[in-house]
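> One structure, as structure tokens, below. Some questions next.
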Amino acid sequence: MIALIDYGAGNLTSVRKALTALGADFATPARPEECARFSAVIVPGVGNFAATSALVGPWRDTIAESVRRGTPLLGICLGMQWLFEGSDEAPEVPGLGVLEGRVTRLRGDAETGLKIPHVGWNALDFRGTGRILAGLGPYPHVYFTHSYAAPVTDACVAATTHGETFAAVVERGNVFGVQFHPEKSSDAGLQIIRNFLDLTRSLSTSARHAEAEC
């Protein structure tokens with residue numbers, strides 16, 4: 001079962017609809033300690049990075065421990081930014097820190113002539129092979145709405161450009177993130193969520209086998 005984290009900044013309604021359409025079992029835990037019974041975690045989010053301050057403390061510690069145990073984690077939009085060390089949008093609020101780097105504001109307006117926030121459909125430029133991108137053709141279009149973005153690091157498996165190139169999809173081990181909204185990105189977005197569900201099953205099986213061998 002998937003834990004869909006509600007910290008007051010997530011677009012839970014559309015994510016729930018997408019998960020339901022794909023036949024996924026999910027629930028929204030009311031307390032951090034409930035996360036132990038879930039096989040995967042999704043952290044959605046829209047708005048200012050300051051909203052993630054609601055996760056500082058027990059939620060952050062519990063999700064970090066789940067990741068260390070091998071539980072698959074997917075961050076969506078603001079939830080992906082939270083995977084990094086922090087954001088210039090709210091410098092005092094720490095990110096989860098499972099990926100290196102900081103989130104910065106996109107260059108726009110007078111600098112590039114492009115509007116910020118970045119709202120609309122952009123193509124994904126694949127960087128290497130991302131398991132969460134399986135089954136997608138070249139340069140699939142997905143829907144973005146954001147003003148801040150994560151850097152392109154070795155965790156980036158797909159990038160896009162709006163004034164500058166930034167990480168659109170990240171993946172490292174059991175940690176995944178997408179800057180866009182897959183639940184609003186038509187067939188390509190549903191395929192990405194489907195891939196995460198498939199990875200959840202395979203990674204959870206591997207983790208159970210590893211525990212059994214210890």
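Chain labels follow the order of the structure tokens: the first chain is A, the next B, and so on; residue numbering restarts at 1 in every chain, and ligands are counted from 1 in their shown order.
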Go through segment 28-73 of chain A residue by residue and, counting only C-alpha atoms, keep those with an atom at most 12 Å from segment 157-180 of chain A; for each kept residue give the shortest atom pair and its distance in Å to one decimal, ordered by chain and increasing number, as a tab-separated table.

```
residue	atom	partner	partner_atom	distance
A:Ser39	CA	A:Asn174	CA	11.5
A:Ala40	CA	A:Asn174	CA	9.5
A:Val41	CA	A:Val175	CA	9.8
A:Ile42	CA	A:Gly177	CA	9.4
A:Val43	CA	A:Gly177	CA	9.2
A:Pro44	CA	A:Val178	CA	9.7
A:Gly45	CA	A:Gln179	CA	10.0
A:Val46	CA	A:Phe180	CA	10.2
A:Ile63	CA	A:Val175	CA	11.2
A:Ala64	CA	A:Val175	CA	10.6
A:Ser66	CA	A:Asn174	CA	10.1
A:Val67	CA	A:Asn174	CA	7.1
A:Arg68	CA	A:Asn174	CA	9.1
A:Arg69	CA	A:Asn174	CA	9.6
A:Gly70	CA	A:Asn174	CA	6.2
A:Thr71	CA	A:Asn174	CA	6.6
A:Pro72	CA	A:Asn174	CA	4.6
A:Leu73	CA	A:Val175	CA	5.0
```
> With N, CA and C atoms retained, write the just-selected residues as a tab-separated table (two decimals), in the first residue's frame.

```
chain	number	residue	atom	x	y	z
A	39	SER	N	4.28	0.23	1.89
A	39	SER	CA	5.36	-0.29	1.06
A	39	SER	C	6.04	0.78	0.22
A	40	ALA	N	5.46	1.98	0.15
A	40	ALA	CA	6.03	3.08	-0.61
A	40	ALA	C	5.43	4.38	-0.11
A	41	VAL	N	6.10	5.49	-0.44
A	41	VAL	CA	5.67	6.80	0.01
A	41	VAL	C	5.65	7.76	-1.18
A	42	ILE	N	4.58	8.55	-1.29
A	42	ILE	CA	4.51	9.62	-2.28
A	42	ILE	C	4.33	10.94	-1.53
A	43	VAL	N	5.20	11.90	-1.85
A	43	VAL	CA	5.10	13.25	-1.28
A	43	VAL	C	4.78	14.21	-2.43
A	44	PRO	N	3.52	14.64	-2.57
A	44	PRO	CA	3.17	15.60	-3.60
A	44	PRO	C	3.44	17.02	-3.09
A	45	GLY	N	2.99	18.03	-3.81
A	45	GLY	CA	3.15	19.38	-3.29
A	45	GLY	C	3.03	20.45	-4.36
A	46	VAL	N	2.46	21.57	-3.99
A	46	VAL	CA	2.40	22.76	-4.84
A	46	VAL	C	2.65	23.97	-3.94
A	63	ILE	N	10.25	9.55	7.26
A	63	ILE	CA	10.41	9.31	5.83
A	63	ILE	C	11.86	9.02	5.50
A	64	ALA	N	12.79	9.73	6.14
A	64	ALA	CA	14.21	9.47	5.91
A	64	ALA	C	14.58	8.04	6.33
A	66	SER	N	12.52	5.50	6.43
A	66	SER	CA	11.90	4.60	5.46
A	66	SER	C	12.79	4.46	4.22
A	67	VAL	N	13.34	5.58	3.76
A	67	VAL	CA	14.23	5.55	2.61
A	67	VAL	C	15.47	4.70	2.91
A	68	ARG	N	16.03	4.88	4.09
A	68	ARG	CA	17.21	4.09	4.47
A	68	ARG	C	16.90	2.60	4.50
A	69	ARG	N	15.67	2.25	4.85
A	69	ARG	CA	15.27	0.83	4.87
A	69	ARG	C	14.99	0.29	3.48
A	70	GLY	N	14.97	1.15	2.47
A	70	GLY	CA	14.74	0.71	1.11
A	70	GLY	C	13.34	0.96	0.59
A	71	THR	N	12.50	1.65	1.36
A	71	THR	CA	11.15	1.96	0.91
A	71	THR	C	11.19	2.93	-0.26
A	72	PRO	N	10.51	2.64	-1.37
A	72	PRO	CA	10.48	3.57	-2.51
A	72	PRO	C	9.79	4.88	-2.14
A	73	LEU	N	10.35	5.98	-2.61
A	73	LEU	CA	9.83	7.32	-2.34
A	73	LEU	C	9.71	8.09	-3.64
```
> Set the distance at 12 Å and use only C-alpha atoms: which residues neighbour Gly8 of chain A once local chain neighbours fewer than 6 positions away are removed? I'd like the list as an NGL selection string.
:A and (28 or 43-55 or 78-79)
> For the strand (DSSP E or B) assignment from backbone DSSP, which residues of segment 28-172 of chain A qualify? Please present them as a PyMOL selection string.
chain A and resi 40-43+73-76+86-87+94+102-105+118-123+125-126+141-146+148-150+156-161+165-172
> With the cut-off set at 8 Å and counting only C-alpha atoms, tabulate each residue of segment 40-88 of chain A with an atom at most that distance from an atom of segment 132-152 of chain A, showing the nearest atom pair and its distance in Å to one decimal, ordered by chain and increasing number, as CSV.

```
residue,atom,partner,partner_atom,distance
A:Gly47,CA,A:His146,CA,7.9
A:Cys77,CA,A:His146,CA,7.7
A:Gln81,CA,A:Ala150,CA,6.3
A:Phe84,CA,A:Ala150,CA,7.8
```
> Of the residues A:Gly97, A:Glu183, A:Trp82, A:Pro29, which is the one nearest to Asp6 of chain A, using only C-alpha atoms?
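Smallest separation from Asp6 of chain A among the options: A:Pro29.
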> May I ask for the distance between atom CA of Glu89 of chain A and atom CA of Gly108 of chain A, given in Å to one decimal place?
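Separation between atom CA of Glu89 of chain A and atom CA of Gly108 of chain A: 15.4 Å.
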> What is the distance between atom CA of Ser186 of chain A and atom CA of Asn122 of chain A, in Å to one decimal?
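Atom CA of Ser186 of chain A sits 12.8 Å away from atom CA of Asn122 of chain A.
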> If you run DSSP on the backbone here, which positions in segment 13-175 of chain A get alpha helix (DSSP H)? Please write them as a short mmCIF file (atom, residue, chain, number, x, y, z; two decimals) with N, CA and C atoms, in the first residue's frame.

```cif
data_model
loop_
_atom_site.label_atom_id
_atom_site.label_comp_id
_atom_site.auth_asym_id
_atom_site.auth_seq_id
_atom_site.Cartn_x
_atom_site.Cartn_y
_atom_site.Cartn_z
N THR A 13 -6.08 15.60 -4.45
CA THR A 13 -7.26 15.14 -5.18
C THR A 13 -6.89 14.53 -6.52
N SER A 14 -6.09 15.23 -7.31
CA SER A 14 -5.73 14.72 -8.64
C SER A 14 -4.78 13.53 -8.54
N VAL A 15 -3.91 13.52 -7.53
CA VAL A 15 -3.03 12.36 -7.35
C VAL A 15 -3.84 11.14 -6.97
N ARG A 16 -4.81 11.34 -6.09
CA ARG A 16 -5.68 10.22 -5.70
C ARG A 16 -6.42 9.66 -6.91
N LYS A 17 -6.92 10.56 -7.78
CA LYS A 17 -7.64 10.12 -8.97
C LYS A 17 -6.74 9.28 -9.87
N ALA A 18 -5.49 9.71 -10.04
CA ALA A 18 -4.55 8.98 -10.89
C ALA A 18 -4.25 7.60 -10.30
N LEU A 19 -4.01 7.55 -8.99
CA LEU A 19 -3.72 6.27 -8.34
C LEU A 19 -4.92 5.33 -8.43
N THR A 20 -6.11 5.88 -8.26
CA THR A 20 -7.32 5.07 -8.36
C THR A 20 -7.49 4.53 -9.77
N ALA A 21 -7.24 5.37 -10.77
CA ALA A 21 -7.36 4.94 -12.17
C ALA A 21 -6.40 3.79 -12.49
N PRO A 58 9.20 14.90 13.12
CA PRO A 58 8.87 13.48 13.04
C PRO A 58 8.59 12.97 11.63
N TRP A 59 7.86 13.77 10.80
CA TRP A 59 7.58 13.31 9.44
C TRP A 59 8.88 13.15 8.65
N ARG A 60 9.74 14.16 8.72
CA ARG A 60 11.00 14.12 7.99
C ARG A 60 11.86 12.95 8.46
N ASP A 61 11.95 12.77 9.77
CA ASP A 61 12.76 11.68 10.32
C ASP A 61 12.21 10.32 9.91
N THR A 62 10.89 10.18 9.95
CA THR A 62 10.27 8.90 9.61
C THR A 62 10.45 8.57 8.14
N ILE A 63 10.25 9.55 7.26
CA ILE A 63 10.41 9.31 5.83
C ILE A 63 11.86 9.02 5.50
N ALA A 64 12.79 9.73 6.14
CA ALA A 64 14.21 9.47 5.91
C ALA A 64 14.58 8.04 6.33
N GLU A 65 14.04 7.61 7.46
CA GLU A 65 14.31 6.24 7.92
C GLU A 65 13.70 5.22 6.97
N SER A 66 12.52 5.50 6.43
CA SER A 66 11.90 4.60 5.46
C SER A 66 12.79 4.46 4.22
N VAL A 67 13.34 5.58 3.76
CA VAL A 67 14.23 5.55 2.61
C VAL A 67 15.47 4.70 2.91
N ARG A 68 16.03 4.88 4.09
CA ARG A 68 17.21 4.09 4.47
C ARG A 68 16.90 2.60 4.50
N LEU A 78 6.69 20.19 -5.79
CA LEU A 78 7.33 20.65 -4.57
C LEU A 78 7.91 19.47 -3.79
N GLY A 79 7.24 18.32 -3.88
CA GLY A 79 7.74 17.11 -3.22
C GLY A 79 9.08 16.67 -3.76
N MET A 80 9.33 16.87 -5.07
CA MET A 80 10.65 16.56 -5.63
C MET A 80 11.68 17.54 -5.11
N GLN A 81 11.35 18.83 -5.05
CA GLN A 81 12.30 19.81 -4.54
C GLN A 81 12.70 19.50 -3.11
#
```
> What's around Arg102 of chain A at 6 Å? Count only C-alpha atoms, leave out sequence neighbours fewer than 5 positions away in its own chain, and write the answer as a PyMOL selection string.
chain A and resi 85-87
> Could you save those same residues with C-alpha atoms as a short mmCIF file (atom, residue, chain, number, x, y, z; two decimals), in the first residue's frame?

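See selection-v7.cif below for the written result:
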```cif
data_model
loop_
_atom_site.label_atom_id
_atom_site.label_comp_id
_atom_site.auth_asym_id
_atom_site.auth_seq_id
_atom_site.Cartn_x
_atom_site.Cartn_y
_atom_site.Cartn_z
CA GLU A 85 19.09 19.81 0.71
CA GLY A 86 16.95 22.94 0.59
CA SER A 87 15.65 25.79 -1.54
#
```
